[in-house]
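> Let me give you the structure first, and then I'll get to my questions.
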Amino acid sequence: MRNLPEPPDELVGRRRELAYVADALDRHRLVVLTGVGGVGKSRLALHAAEQVMRVGTRGVAWADLWPLTNARLLLATVADALDFADHATAEPLDALCAWLAGKDVLLVLDSCEHLSAACRDLLGRLLDDCPGVTVLATSREALGMDGEHRVVVEPLPPASDAVELFCRRAAATGTGPMGPEGILTAARLSRRLEGIPLALELAAGQLTHHTLDEVEELLGSRLDLSARKAGPAGRVHFRQRTLRTAIGWSHELCEPAERLLWARFSVFRDAVDADAVRAVCADEALRASDVERALAGLERKSVVARVEGRFRMLDTLREYGRMWLGELDETEVLSRRHAAYFLRRARRAHADWPGPAQMDAYRWVSAAHSDLCAALDHFLTTRPQQALELAGLLGFFWSCCGHLREATGYLEEALALTEEPGAVRTRALWSLGVARVLCGEHEAAERLALACLRQAAAQEETEGALHAAYLQGLVHLLRGRPMAARFVVDGALASAEGGPFASVGRVLCRLIRVFALTAEGLREEARREAVELRRDCVVRGEWWTRSYAEYQLALLALFEDRAEEAAGHAAAMLDGKRRIGDSFGIALGLDLLASALAAQGAGGPAVAAYGAGENYWAAVGHPQRGTPELGPVRDRYESTARSLLGDSAYDKALLVSVLRDPESVLKELLDRKR
């Protein structure tokens with residue numbers, strides 16, 4: 001749990017505040033940074049969290065709440081930030097609390113103000129049940145919880161730090177260093193802008209098109225007018241007016257195309273690439289070429305920021321854009337375009353799954369998570385059939401990468417809203433079945449497999465029948481019925497036309513065959529088919545199936561005491577699962593690698609792998625799982641590792657590994673095998 005965004009740059013000033021927050025986190029379990037929008041709460045929280053991570057052994061997790069429009073995904077967002085890929089059958093909050101109960105973690109919740117009630121409920125439970133958890137939250141208002149320690153984040157001192165921030169941002173626009181006159185002008189601007197960092201950045205952004213004197217003159221008239229209209233008010237309210245005025249002024253100084261893009265960009269929930277911006281925001285009024293120029297202009301003016309090639313807008317500026325989107329009467333049309341675009345991209349990710357773009361598809365689905373959820377929310381209220389299609393396309397990706405709860409929730413809701421038969425419904429039933437089986441709900445998964453098969457038969461869908469056979473075969477395998485699993489997939493494969501890699505369904509059924517043959521003890525046949533499947537995957541650049549073929553080859557090698565070969569296959573499996581982000585698969589692979597290392601006589605590395613595996617199993621919310629034949633292998637080689645080191649040394653080494661960052665242990669183990 002060392003999940004922090006990259007700090008955008010060095011923190012200007014704030015040394016006293018940073019020290020105060022550090023002290024508060026040592027003395028209080030709930031610290032809330034409050035202040036007006038744009039004052040720098042998130043940046044201060046990020047640097048405070050980075051300091052905690054840098055100087056201690058405590059886990060640190062960061063959860064962005066600003067993309068959430070309601071509390072539906074709050075718990076899932078927090079669990080994801082904490083690296084908890086929930087595969088448990090318990091209630092989600094119970095499972096998360098059980099996992100966190102013995103951990104020392106700083107959890108940062110950024111932008112809580114619009115979800116205050118839900119945050120209070122969640123944090124009340126986490127703080128009661130998890131004594132090692134400390135929370136740092138940012139919010140425009142206090143949460144109103146018992147034990148809450150509030151830290152008011154003030155603007156930067158206008159005569160010092162605010163001037164430094166403005167000068168740094170001005171230099172970034174290419175205007176060069178300021179002379180004495182320029183610094184005096186910057187000081188006057190900083191006073192007028194109350195030292196509010198976001199207002200200063202917006203003003204500095206205008207230096208790409210205006211001189212410093214022009215910026216002072218243009219902004220000064222707006223601020224003076226705002227102050228005259230506003231009348232007497234408290235200091236906080238005056239600062240809020242100052243920021244709104246600065247944002248409105250920046251908006252007015254934008255080109256017409258930039259203003260329109262600002263409004264339309266507000267439909268996105270998280271950082272997106274330029275293709276998404278063009279696809280959603282361009283039309284007759286704003287051509288694609290205009291979008292390119294307008295996006296570059298908004299970036300120069302600090303309205304959007306570029307992060308690793310993707311564009312993101314601060315929530316304060318997004319709020320302003322949404323207001324204008326409503327004024328333009330475009331909220332609904334942009335929501336439709338947004339949802340339609342993410343459905344198209346999900347279709348492409350699904351089509352890319354069996355080939356060389358599979359990794360890109362997984363990365364895109366992960367990066368677009370908030371916007372995909374927004375698209376699903378839109379479709380659920382407007383076009384349930386499209387919601388069903390999108391949820392079905394995403395279900396397998398999400399099930400592999402720790403979003404089982406979201407997959408289950410959206411699939412169940414969409415299935416309840418429409419009864420239209422066809423391939424879309426078959427896929428959704430199958431995706432829900434995969435999520436159920438990964439949570440250990442075998443009976444529910446088997447019912448869904450049969451429902452999927454009935455749907456496919458009624459519509460004469462060969463691919464749907466293959467997917468249903470895969471799901472049914474998977475349930476049989478996990479229940480220790482390999483012959484039944486092979487019977488089911490053999491029947492489906494015999495009924496389907498095409499070559500061994502003709503469709504995803506065929507590939508999945510071939511994988512079940514390999515698992516079943518291994519479990520039945522038909523090792524030569526299992527090895528031959530696993531090698532063929534792996535070869536086909538390598539030729540096509542496919543990783544998910546290839547990883548499980550490596551898993552089976554490692555298991556077969558262990559059965560035949562070929563430890564070095566087993567370790568090579570286990571490491572190859574882990575490499576693939578790490579690329580995908582599949583915590584469940586990594587947990588399985590670490591058990592196999594540990595067993596292979598123990599079989600080689602490498603007791604220390606074996607225990608390190610077992611310890612990291614325990615962390616990954618805990619992070620998916622249940623004890624060790626896998627097909628039944630893995631259990632005896634695991635038990636045998638755990639005993640081997642213990643005998644190699646002795647009880648005391650084994651226990652000490654295991655504890656050391658469990659207390660380490662499991663990703664670091666995994667990297668070291670894979671580097672050792674290269």
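Just remember, in the structure tokens the first chain shown is A, the second B, etc., residues are 1-based per chain, and ligands are 1-based in the order shown.
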Excluding range 542-544 of chain A and its own-chain neighbours fewer than 3 positions away, which residues fall within 10 Å of it when counting only C-alpha atoms? Please give them as a PyMOL selection string.
chain A and resi 352-359+400+534+536-539+547-549+573+575-577+579-580+582+585
> What lies within 12 Å of range 485-492 of chain A using only C-alpha atoms, ignoring chain neighbours under 3 positions off, as a ChimeraX atom specification?
/A:446,449-450,453,456-457,461-482,495-497,505-520,522,526
> Could you give me, as a ChimeraX atom specification, the residues within 10 Å of Phe342 in chain A, counting only C-alpha atoms and dropping anything in the same chain fewer than 2 positions from it?
/A:276,279-280,337-340,344-348,365,368,371-376,390
> Here is a test: counting only C-alpha atoms, which residue of A:Thr185, A:Ser431, A:Thr77, A:Thr175 is nearest to Gln206 in chain A?
A:Thr175
> Could you please determine the separation between CA of His350 in chain A and CA of Phe501 in chain A in Å, to one decimal place?
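Between these atoms lies a distance of 15.6 Å.
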> Within 7 Å of Arg322 in chain A, counting only C-alpha atoms, which residues qualify if same-chain residues fewer than 4 places away don't, as JSON, numbers by chain?
{"A": [263, 266, 318, 326]}
> Rounded to one decimal, what separation in Å do you get between CA of Gly521 in chain A and CA of Ala563 in chain A?
18.5 Å
> Just the residues within 7 Å of Asp273 in chain A, please, counting only C-alpha atoms, with nothing from its chain fewer than 3 positions along; format it as a PyMOL selection string.
chain A and resi 276-277+309-311
> DSSP on the backbone: which residues in range 309-387 of chain A end up as alpha helix (DSSP H)? Give the answer as JSON, numbers by chain.
{"A": [315, 316, 317, 318, 319, 320, 321, 322, 323, 324, 325, 326, 327, 331, 332, 333, 334, 335, 336, 337, 338, 339, 340, 341, 342, 343, 344, 345, 346, 347, 348, 349, 350, 351, 352, 358, 359, 360, 361, 362, 363, 364, 365, 366, 367, 369, 370, 371, 372, 373, 374, 375, 376, 377, 378, 379, 380, 381, 382, 384, 385, 386, 387]}
> Just to be explicit: take each residue in the selection above, keep C-alpha atoms, and write the result as a PDB file, in the first residue's frame.

ATOM      1  CA  ASP A 315     -12.478  19.726  -9.819  1.00  0.00           C
ATOM      2  CA  THR A 316     -12.911  23.453  -9.027  1.00  0.00           C
ATOM      3  CA  LEU A 317     -12.499  24.313 -12.707  1.00  0.00           C
ATOM      4  CA  ARG A 318     -14.649  21.336 -13.702  1.00  0.00           C
ATOM      5  CA  GLU A 319     -17.482  22.679 -11.559  1.00  0.00           C
ATOM      6  CA  TYR A 320     -17.294  25.969 -13.434  1.00  0.00           C
ATOM      7  CA  GLY A 321     -17.287  24.117 -16.754  1.00  0.00           C
ATOM      8  CA  ARG A 322     -20.342  22.092 -15.744  1.00  0.00           C
ATOM      9  CA  MET A 323     -22.175  25.289 -14.896  1.00  0.00           C
ATOM     10  CA  TRP A 324     -21.490  26.625 -18.388  1.00  0.00           C
ATOM     11  CA  LEU A 325     -22.383  23.301 -19.965  1.00  0.00           C
ATOM     12  CA  GLY A 326     -25.792  23.662 -18.329  1.00  0.00           C
ATOM     13  CA  GLU A 327     -26.070  27.268 -19.525  1.00  0.00           C
ATOM     14  CA  THR A 331     -25.361  18.587 -20.434  1.00  0.00           C
ATOM     15  CA  GLU A 332     -27.514  15.774 -21.781  1.00  0.00           C
ATOM     16  CA  VAL A 333     -26.020  15.662 -25.265  1.00  0.00           C
ATOM     17  CA  LEU A 334     -22.456  15.583 -23.891  1.00  0.00           C
ATOM     18  CA  SER A 335     -23.412  12.820 -21.443  1.00  0.00           C
ATOM     19  CA  ARG A 336     -24.771  10.803 -24.389  1.00  0.00           C
ATOM     20  CA  ARG A 337     -21.613  11.355 -26.420  1.00  0.00           C
ATOM     21  CA  HIS A 338     -19.437  10.490 -23.436  1.00  0.00           C
ATOM     22  CA  ALA A 339     -21.269   7.226 -22.754  1.00  0.00           C
ATOM     23  CA  ALA A 340     -21.337   6.304 -26.457  1.00  0.00           C
ATOM     24  CA  TYR A 341     -17.589   6.891 -26.789  1.00  0.00           C
ATOM     25  CA  PHE A 342     -16.699   4.721 -23.807  1.00  0.00           C
ATOM     26  CA  LEU A 343     -18.983   1.966 -25.073  1.00  0.00           C
ATOM     27  CA  ARG A 344     -17.165   2.065 -28.438  1.00  0.00           C
ATOM     28  CA  ARG A 345     -13.797   1.929 -26.707  1.00  0.00           C
ATOM     29  CA  ALA A 346     -14.931  -0.962 -24.524  1.00  0.00           C
ATOM     30  CA  ARG A 347     -15.966  -2.845 -27.665  1.00  0.00           C
ATOM     31  CA  ARG A 348     -12.493  -2.242 -29.067  1.00  0.00           C
ATOM     32  CA  ALA A 349     -10.853  -3.442 -25.842  1.00  0.00           C
ATOM     33  CA  HIS A 350     -12.988  -6.578 -25.995  1.00  0.00           C
ATOM     34  CA  ALA A 351     -12.006  -7.168 -29.628  1.00  0.00           C
ATOM     35  CA  ASP A 352      -8.331  -6.630 -28.744  1.00  0.00           C
ATOM     36  CA  GLN A 358      -4.410  -7.172 -24.920  1.00  0.00           C
ATOM     37  CA  MET A 359      -2.055  -5.372 -22.514  1.00  0.00           C
ATOM     38  CA  ASP A 360      -3.120  -2.010 -23.918  1.00  0.00           C
ATOM     39  CA  ALA A 361      -6.743  -3.015 -23.428  1.00  0.00           C
ATOM     40  CA  TYR A 362      -6.170  -3.866 -19.754  1.00  0.00           C
ATOM     41  CA  ARG A 363      -4.268  -0.611 -19.204  1.00  0.00           C
ATOM     42  CA  TRP A 364      -7.011   1.417 -20.876  1.00  0.00           C
ATOM     43  CA  VAL A 365      -9.802  -0.223 -18.864  1.00  0.00           C
ATOM     44  CA  SER A 366      -7.868   0.489 -15.675  1.00  0.00           C
ATOM     45  CA  ALA A 367      -7.133   4.122 -16.557  1.00  0.00           C
ATOM     46  CA  HIS A 369     -12.386   3.241 -14.671  1.00  0.00           C
ATOM     47  CA  SER A 370     -14.155   6.387 -13.396  1.00  0.00           C
ATOM     48  CA  ASP A 371     -15.418   7.362 -16.849  1.00  0.00           C
ATOM     49  CA  LEU A 372     -16.589   3.813 -17.590  1.00  0.00           C
ATOM     50  CA  CYS A 373     -18.597   3.863 -14.359  1.00  0.00           C
ATOM     51  CA  ALA A 374     -20.050   7.248 -15.386  1.00  0.00           C
ATOM     52  CA  ALA A 375     -21.054   5.792 -18.766  1.00  0.00           C
ATOM     53  CA  LEU A 376     -22.729   2.846 -17.031  1.00  0.00           C
ATOM     54  CA  ASP A 377     -24.613   5.192 -14.683  1.00  0.00           C
ATOM     55  CA  HIS A 378     -25.854   7.170 -17.688  1.00  0.00           C
ATOM     56  CA  PHE A 379     -26.955   4.094 -19.623  1.00  0.00           C
ATOM     57  CA  LEU A 380     -28.714   2.557 -16.617  1.00  0.00           C
ATOM     58  CA  THR A 381     -31.103   5.519 -16.513  1.00  0.00           C
ATOM     59  CA  THR A 382     -31.441   6.093 -20.261  1.00  0.00           C
ATOM     60  CA  PRO A 384     -30.495  -0.207 -20.130  1.00  0.00           C
ATOM     61  CA  GLN A 385     -29.605  -2.464 -23.059  1.00  0.00           C
ATOM     62  CA  GLN A 386     -26.437  -0.442 -23.655  1.00  0.00           C
ATOM     63  CA  ALA A 387     -25.692  -0.632 -19.927  1.00  0.00           C
TER      64      ALA A 387
END
> With DSSP run on the backbone, what are the strand (DSSP E or B) residues within range 8-225 of chain A? I'd like them as a VMD selection string.
chain A and resid 30 to 34 59 to 64 105 to 110 133 to 139 149 to 152
> Rounded to one decimal place, report the CA of Gly392 in chain A-CA of Leu411 in chain A distance in Å.
6.9 Å
> Neighbouring residues of Val656 in chain A were defined as those with any atom within 12 Å, considering only C-alpha atoms; residues of the same chain fewer than 2 positions away were excluded. Please report them as a ChimeraX atom specification.
/A:604-605,607-612,615,649-654,658-662,665
> Would you put the residues from that selection into a file with N, CA, C and O atoms, as a PDB file, in the first residue's frame?

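Output file out_39.pdb follows:
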ATOM      1  N   GLY A 604      15.494 -19.686   1.530  1.00  0.00           N
ATOM      2  CA  GLY A 604      15.235 -18.272   1.802  1.00  0.00           C
ATOM      3  C   GLY A 604      14.325 -17.634   0.766  1.00  0.00           C
ATOM      4  O   GLY A 604      13.287 -17.045   1.113  1.00  0.00           O
ATOM      5  N   PRO A 605      14.660 -17.700  -0.530  1.00  0.00           N
ATOM      6  CA  PRO A 605      13.759 -17.141  -1.549  1.00  0.00           C
ATOM      7  C   PRO A 605      12.374 -17.788  -1.538  1.00  0.00           C
ATOM      8  O   PRO A 605      11.369 -17.116  -1.810  1.00  0.00           O
ATOM      9  N   VAL A 607      10.698 -18.903   1.080  1.00  0.00           N
ATOM     10  CA  VAL A 607       9.915 -18.307   2.165  1.00  0.00           C
ATOM     11  C   VAL A 607       9.522 -16.876   1.814  1.00  0.00           C
ATOM     12  O   VAL A 607       8.414 -16.430   2.130  1.00  0.00           O
ATOM     13  N   ALA A 608      10.422 -16.144   1.149  1.00  0.00           N
ATOM     14  CA  ALA A 608      10.069 -14.790   0.708  1.00  0.00           C
ATOM     15  C   ALA A 608       8.858 -14.828  -0.217  1.00  0.00           C
ATOM     16  O   ALA A 608       7.942 -14.004  -0.106  1.00  0.00           O
ATOM     17  N   ALA A 609       8.822 -15.805  -1.129  1.00  0.00           N
ATOM     18  CA  ALA A 609       7.684 -15.940  -2.043  1.00  0.00           C
ATOM     19  C   ALA A 609       6.418 -16.329  -1.296  1.00  0.00           C
ATOM     20  O   ALA A 609       5.326 -15.813  -1.580  1.00  0.00           O
ATOM     21  N   TYR A 610       6.540 -17.241  -0.315  1.00  0.00           N
ATOM     22  CA  TYR A 610       5.357 -17.609   0.470  1.00  0.00           C
ATOM     23  C   TYR A 610       4.813 -16.399   1.232  1.00  0.00           C
ATOM     24  O   TYR A 610       3.598 -16.187   1.310  1.00  0.00           O
ATOM     25  N   GLY A 611       5.703 -15.577   1.807  1.00  0.00           N
ATOM     26  CA  GLY A 611       5.254 -14.403   2.556  1.00  0.00           C
ATOM     27  C   GLY A 611       4.559 -13.391   1.669  1.00  0.00           C
ATOM     28  O   GLY A 611       3.497 -12.858   2.018  1.00  0.00           O
ATOM     29  N   ALA A 612       5.147 -13.121   0.496  1.00  0.00           N
ATOM     30  CA  ALA A 612       4.495 -12.206  -0.447  1.00  0.00           C
ATOM     31  C   ALA A 612       3.156 -12.772  -0.901  1.00  0.00           C
ATOM     32  O   ALA A 612       2.170 -12.041  -1.053  1.00  0.00           O
ATOM     33  N   ASN A 615       0.414 -12.065   1.506  1.00  0.00           N
ATOM     34  CA  ASN A 615      -0.105 -10.698   1.359  1.00  0.00           C
ATOM     35  C   ASN A 615      -1.075 -10.587   0.185  1.00  0.00           C
ATOM     36  O   ASN A 615      -2.108  -9.918   0.273  1.00  0.00           O
ATOM     37  N   ALA A 649      14.137 -20.109  12.077  1.00  0.00           N
ATOM     38  CA  ALA A 649      14.570 -19.273  10.950  1.00  0.00           C
ATOM     39  C   ALA A 649      13.457 -19.128   9.915  1.00  0.00           C
ATOM     40  O   ALA A 649      13.284 -18.059   9.312  1.00  0.00           O
ATOM     41  N   TYR A 650      12.695 -20.200   9.724  1.00  0.00           N
ATOM     42  CA  TYR A 650      11.577 -20.142   8.772  1.00  0.00           C
ATOM     43  C   TYR A 650      10.556 -19.102   9.231  1.00  0.00           C
ATOM     44  O   TYR A 650      10.116 -18.246   8.449  1.00  0.00           O
ATOM     45  N   ASP A 651      10.164 -19.183  10.501  1.00  0.00           N
ATOM     46  CA  ASP A 651       9.146 -18.259  11.014  1.00  0.00           C
ATOM     47  C   ASP A 651       9.624 -16.817  10.945  1.00  0.00           C
ATOM     48  O   ASP A 651       8.857 -15.904  10.592  1.00  0.00           O
ATOM     49  N   LYS A 652      10.906 -16.599  11.267  1.00  0.00           N
ATOM     50  CA  LYS A 652      11.446 -15.241  11.213  1.00  0.00           C
ATOM     51  C   LYS A 652      11.464 -14.720   9.772  1.00  0.00           C
ATOM     52  O   LYS A 652      11.062 -13.581   9.499  1.00  0.00           O
ATOM     53  N   ALA A 653      11.929 -15.551   8.835  1.00  0.00           N
ATOM     54  CA  ALA A 653      11.997 -15.139   7.430  1.00  0.00           C
ATOM     55  C   ALA A 653      10.608 -14.880   6.863  1.00  0.00           C
ATOM     56  O   ALA A 653      10.404 -13.941   6.081  1.00  0.00           O
ATOM     57  N   LEU A 654       9.639 -15.705   7.270  1.00  0.00           N
ATOM     58  CA  LEU A 654       8.273 -15.510   6.791  1.00  0.00           C
ATOM     59  C   LEU A 654       7.718 -14.184   7.299  1.00  0.00           C
ATOM     60  O   LEU A 654       7.074 -13.430   6.545  1.00  0.00           O
ATOM     61  N   VAL A 658       6.389 -11.082   5.056  1.00  0.00           N
ATOM     62  CA  VAL A 658       5.005 -10.605   5.180  1.00  0.00           C
ATOM     63  C   VAL A 658       4.972  -9.109   5.469  1.00  0.00           C
ATOM     64  O   VAL A 658       4.083  -8.387   5.003  1.00  0.00           O
ATOM     65  N   LEU A 659       5.949  -8.614   6.228  1.00  0.00           N
ATOM     66  CA  LEU A 659       5.975  -7.201   6.600  1.00  0.00           C
ATOM     67  C   LEU A 659       6.533  -6.303   5.499  1.00  0.00           C
ATOM     68  O   LEU A 659       6.447  -5.081   5.593  1.00  0.00           O
ATOM     69  N   ARG A 660       7.109  -6.891   4.455  1.00  0.00           N
ATOM     70  CA  ARG A 660       7.649  -6.094   3.357  1.00  0.00           C
ATOM     71  C   ARG A 660       6.564  -5.770   2.329  1.00  0.00           C
ATOM     72  O   ARG A 660       5.499  -6.395   2.300  1.00  0.00           O
ATOM     73  N   ASP A 661       6.864  -4.794   1.470  1.00  0.00           N
ATOM     74  CA  ASP A 661       5.987  -4.474   0.352  1.00  0.00           C
ATOM     75  C   ASP A 661       5.982  -5.665  -0.612  1.00  0.00           C
ATOM     76  O   ASP A 661       7.031  -6.023  -1.162  1.00  0.00           O
ATOM     77  N   PRO A 662       4.839  -6.321  -0.820  1.00  0.00           N
ATOM     78  CA  PRO A 662       4.831  -7.537  -1.646  1.00  0.00           C
ATOM     79  C   PRO A 662       5.250  -7.301  -3.093  1.00  0.00           C
ATOM     80  O   PRO A 662       5.825  -8.185  -3.721  1.00  0.00           O
ATOM     81  N   VAL A 665       8.988  -7.529  -3.169  1.00  0.00           N
ATOM     82  CA  VAL A 665       9.427  -8.921  -3.078  1.00  0.00           C
ATOM     83  C   VAL A 665       9.233  -9.617  -4.420  1.00  0.00           C
ATOM     84  O   VAL A 665      10.120 -10.338  -4.903  1.00  0.00           O
TER      85      VAL A 665
END
> Wanna dump the range 366-442 of chain A-range 78-81 of chain A contacts at 12 Å for me, each residue with its shortest atom pair and the distance in Å to one decimal, counting only C-alpha atoms, ordered by chain and number, as a tab-separated table?

residue	atom	partner	partner_atom	distance
A:Ser366	CA	A:Asp80	CA	11.0
A:His369	CA	A:Asp80	CA	11.0
A:Ser370	CA	A:Asp80	CA	12.0
A:Trp398	CA	A:Asp80	CA	11.7
A:Cys401	CA	A:Asp80	CA	9.9
A:Gly402	CA	A:Asp80	CA	7.5
A:His403	CA	A:Asp80	CA	7.9
A:Leu404	CA	A:Asp80	CA	10.7
A:Arg405	CA	A:Ala79	CA	10.2
A:Glu406	CA	A:Asp80	CA	10.9
> Next, dump the selected residues to file, keeping only all heavy atoms, as an mmCIF file, in the first residue's frame.

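Result went into selection.cif, see below:
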data_model
loop_
_atom_site.group_PDB
_atom_site.id
_atom_site.type_symbol
_atom_site.label_atom_id
_atom_site.label_comp_id
_atom_site.auth_asym_id
_atom_site.auth_seq_id
_atom_site.Cartn_x
_atom_site.Cartn_y
_atom_site.Cartn_z
ATOM 1 N N SER A 366 -8.259 0.035 -17.009
ATOM 2 C CA SER A 366 -7.868 0.489 -15.675
ATOM 3 C C SER A 366 -7.852 2.010 -15.594
ATOM 4 O O SER A 366 -8.395 2.601 -14.654
ATOM 5 C CB SER A 366 -6.491 -0.075 -15.321
ATOM 6 O OG SER A 366 -6.050 0.406 -14.073
ATOM 7 N N HIS A 369 -11.405 3.837 -15.590
ATOM 8 C CA HIS A 369 -12.386 3.241 -14.671
ATOM 9 C C HIS A 369 -13.494 4.223 -14.279
ATOM 10 O O HIS A 369 -14.688 3.890 -14.362
ATOM 11 C CB HIS A 369 -11.682 2.723 -13.422
ATOM 12 C CG HIS A 369 -12.586 2.031 -12.458
ATOM 13 N ND1 HIS A 369 -13.129 0.788 -12.709
ATOM 14 C CD2 HIS A 369 -13.084 2.404 -11.255
ATOM 15 C CE1 HIS A 369 -13.895 0.427 -11.699
ATOM 16 N NE2 HIS A 369 -13.892 1.397 -10.806
ATOM 17 N N SER A 370 -13.135 5.429 -13.851
ATOM 18 C CA SER A 370 -14.155 6.387 -13.396
ATOM 19 C C SER A 370 -15.097 6.770 -14.524
ATOM 20 O O SER A 370 -16.317 6.887 -14.326
ATOM 21 C CB SER A 370 -13.480 7.637 -12.828
ATOM 22 O OG SER A 370 -12.741 7.331 -11.668
ATOM 23 N N TRP A 398 -12.720 -6.448 -15.365
ATOM 24 C CA TRP A 398 -12.816 -6.031 -13.968
ATOM 25 C C TRP A 398 -12.623 -7.205 -13.019
ATOM 26 O O TRP A 398 -12.024 -7.054 -11.955
ATOM 27 C CB TRP A 398 -14.164 -5.356 -13.726
ATOM 28 C CG TRP A 398 -14.204 -3.925 -14.185
ATOM 29 C CD1 TRP A 398 -13.178 -3.204 -14.719
ATOM 30 C CD2 TRP A 398 -15.327 -3.041 -14.134
ATOM 31 N NE1 TRP A 398 -13.587 -1.925 -15.002
ATOM 32 C CE2 TRP A 398 -14.905 -1.793 -14.665
ATOM 33 C CE3 TRP A 398 -16.642 -3.172 -13.724
ATOM 34 C CZ2 TRP A 398 -15.761 -0.686 -14.755
ATOM 35 C CZ3 TRP A 398 -17.494 -2.078 -13.808
ATOM 36 C CH2 TRP A 398 -17.058 -0.855 -14.322
ATOM 37 N N CYS A 401 -9.023 -7.858 -12.417
ATOM 38 C CA CYS A 401 -8.183 -6.770 -11.884
ATOM 39 C C CYS A 401 -8.755 -6.112 -10.642
ATOM 40 O O CYS A 401 -8.539 -4.922 -10.403
ATOM 41 C CB CYS A 401 -7.941 -5.730 -12.970
ATOM 42 S SG CYS A 401 -7.138 -6.427 -14.419
ATOM 43 N N GLY A 402 -9.520 -6.874 -9.849
ATOM 44 C CA GLY A 402 -9.890 -6.385 -8.536
ATOM 45 C C GLY A 402 -11.137 -5.537 -8.448
ATOM 46 O O GLY A 402 -11.366 -4.894 -7.420
ATOM 47 N N HIS A 403 -11.956 -5.486 -9.497
ATOM 48 C CA HIS A 403 -13.191 -4.706 -9.435
ATOM 49 C C HIS A 403 -14.416 -5.627 -9.463
ATOM 50 O O HIS A 403 -15.405 -5.359 -10.150
ATOM 51 C CB HIS A 403 -13.254 -3.714 -10.599
ATOM 52 C CG HIS A 403 -12.193 -2.662 -10.555
ATOM 53 N ND1 HIS A 403 -12.120 -1.719 -9.556
ATOM 54 C CD2 HIS A 403 -11.146 -2.408 -11.373
ATOM 55 C CE1 HIS A 403 -11.087 -0.927 -9.765
ATOM 56 N NE2 HIS A 403 -10.470 -1.328 -10.856
ATOM 57 N N LEU A 404 -14.341 -6.689 -8.688
ATOM 58 C CA LEU A 404 -15.433 -7.665 -8.685
ATOM 59 C C LEU A 404 -16.737 -7.064 -8.195
ATOM 60 O O LEU A 404 -17.815 -7.380 -8.709
ATOM 61 C CB LEU A 404 -15.064 -8.861 -7.803
ATOM 62 C CG LEU A 404 -14.139 -9.907 -8.424
ATOM 63 C CD1 LEU A 404 -13.709 -10.913 -7.374
ATOM 64 C CD2 LEU A 404 -14.832 -10.624 -9.567
ATOM 65 N N ARG A 405 -16.679 -6.227 -7.171
ATOM 66 C CA ARG A 405 -17.914 -5.649 -6.623
ATOM 67 C C ARG A 405 -18.607 -4.759 -7.644
ATOM 68 O O ARG A 405 -19.825 -4.811 -7.791
ATOM 69 C CB ARG A 405 -17.595 -4.851 -5.356
ATOM 70 C CG ARG A 405 -17.011 -5.667 -4.228
ATOM 71 C CD ARG A 405 -18.031 -6.615 -3.614
ATOM 72 N NE ARG A 405 -17.462 -7.328 -2.470
ATOM 73 C CZ ARG A 405 -18.103 -8.246 -1.775
ATOM 74 N NH1 ARG A 405 -19.339 -8.594 -2.098
ATOM 75 N NH2 ARG A 405 -17.519 -8.844 -0.752
ATOM 76 N N GLU A 406 -17.816 -3.914 -8.342
ATOM 77 C CA GLU A 406 -18.426 -3.068 -9.360
ATOM 78 C C GLU A 406 -19.009 -3.920 -10.482
ATOM 79 O O GLU A 406 -20.114 -3.668 -10.965
ATOM 80 C CB GLU A 406 -17.398 -2.086 -9.932
ATOM 81 C CG GLU A 406 -16.890 -1.069 -8.929
ATOM 82 C CD GLU A 406 -15.540 -1.463 -8.403
ATOM 83 O OE1 GLU A 406 -15.402 -2.587 -7.865
ATOM 84 O OE2 GLU A 406 -14.612 -0.639 -8.515
#
> Using only C-alpha atoms, which residue out of A:Leu198, A:Leu107, A:Leu533, A:Val52 lies closest to Pro500 in chain A?
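Nearest candidate to Pro500 in chain A out of A:Leu198, A:Leu107, A:Leu533, A:Val52: A:Leu533.
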> Fewer than 5 positions away in the same chain doesn't count, so skip those; otherwise give me all residues within 9 Å of Leu556 in chain A, counting only C-alpha atoms, as a short mmCIF file (atom, residue, chain, number, x, y, z; two decimals) with N, CA and C atoms, in the first residue's frame.

data_model
loop_
_atom_site.label_atom_id
_atom_site.label_comp_id
_atom_site.auth_asym_id
_atom_site.auth_seq_id
_atom_site.Cartn_x
_atom_site.Cartn_y
_atom_site.Cartn_z
N THR A 518 -4.54 -32.27 -16.37
CA THR A 518 -3.57 -32.28 -15.27
C THR A 518 -4.19 -32.90 -14.02
N ARG A 523 -0.71 -36.61 -17.65
CA ARG A 523 0.29 -35.57 -17.68
C ARG A 523 0.89 -35.33 -19.06
N ALA A 526 -1.62 -33.49 -21.03
CA ALA A 526 -1.76 -32.15 -20.48
C ALA A 526 -0.59 -31.27 -20.89
N ARG A 527 0.63 -31.83 -20.81
CA ARG A 527 1.81 -31.04 -21.17
C ARG A 527 1.79 -30.69 -22.65
N TYR A 551 1.28 -21.64 -15.81
CA TYR A 551 0.90 -22.17 -14.49
C TYR A 551 0.80 -23.69 -14.53
N ASP A 561 9.22 -33.56 -10.40
CA ASP A 561 10.48 -33.19 -9.74
C ASP A 561 11.46 -32.48 -10.67
N ARG A 562 10.94 -31.69 -11.58
CA ARG A 562 11.80 -30.86 -12.44
C ARG A 562 11.69 -29.41 -11.94
N ALA A 566 10.09 -25.85 -13.41
CA ALA A 566 8.88 -25.34 -12.75
C ALA A 566 9.05 -23.88 -12.36
#
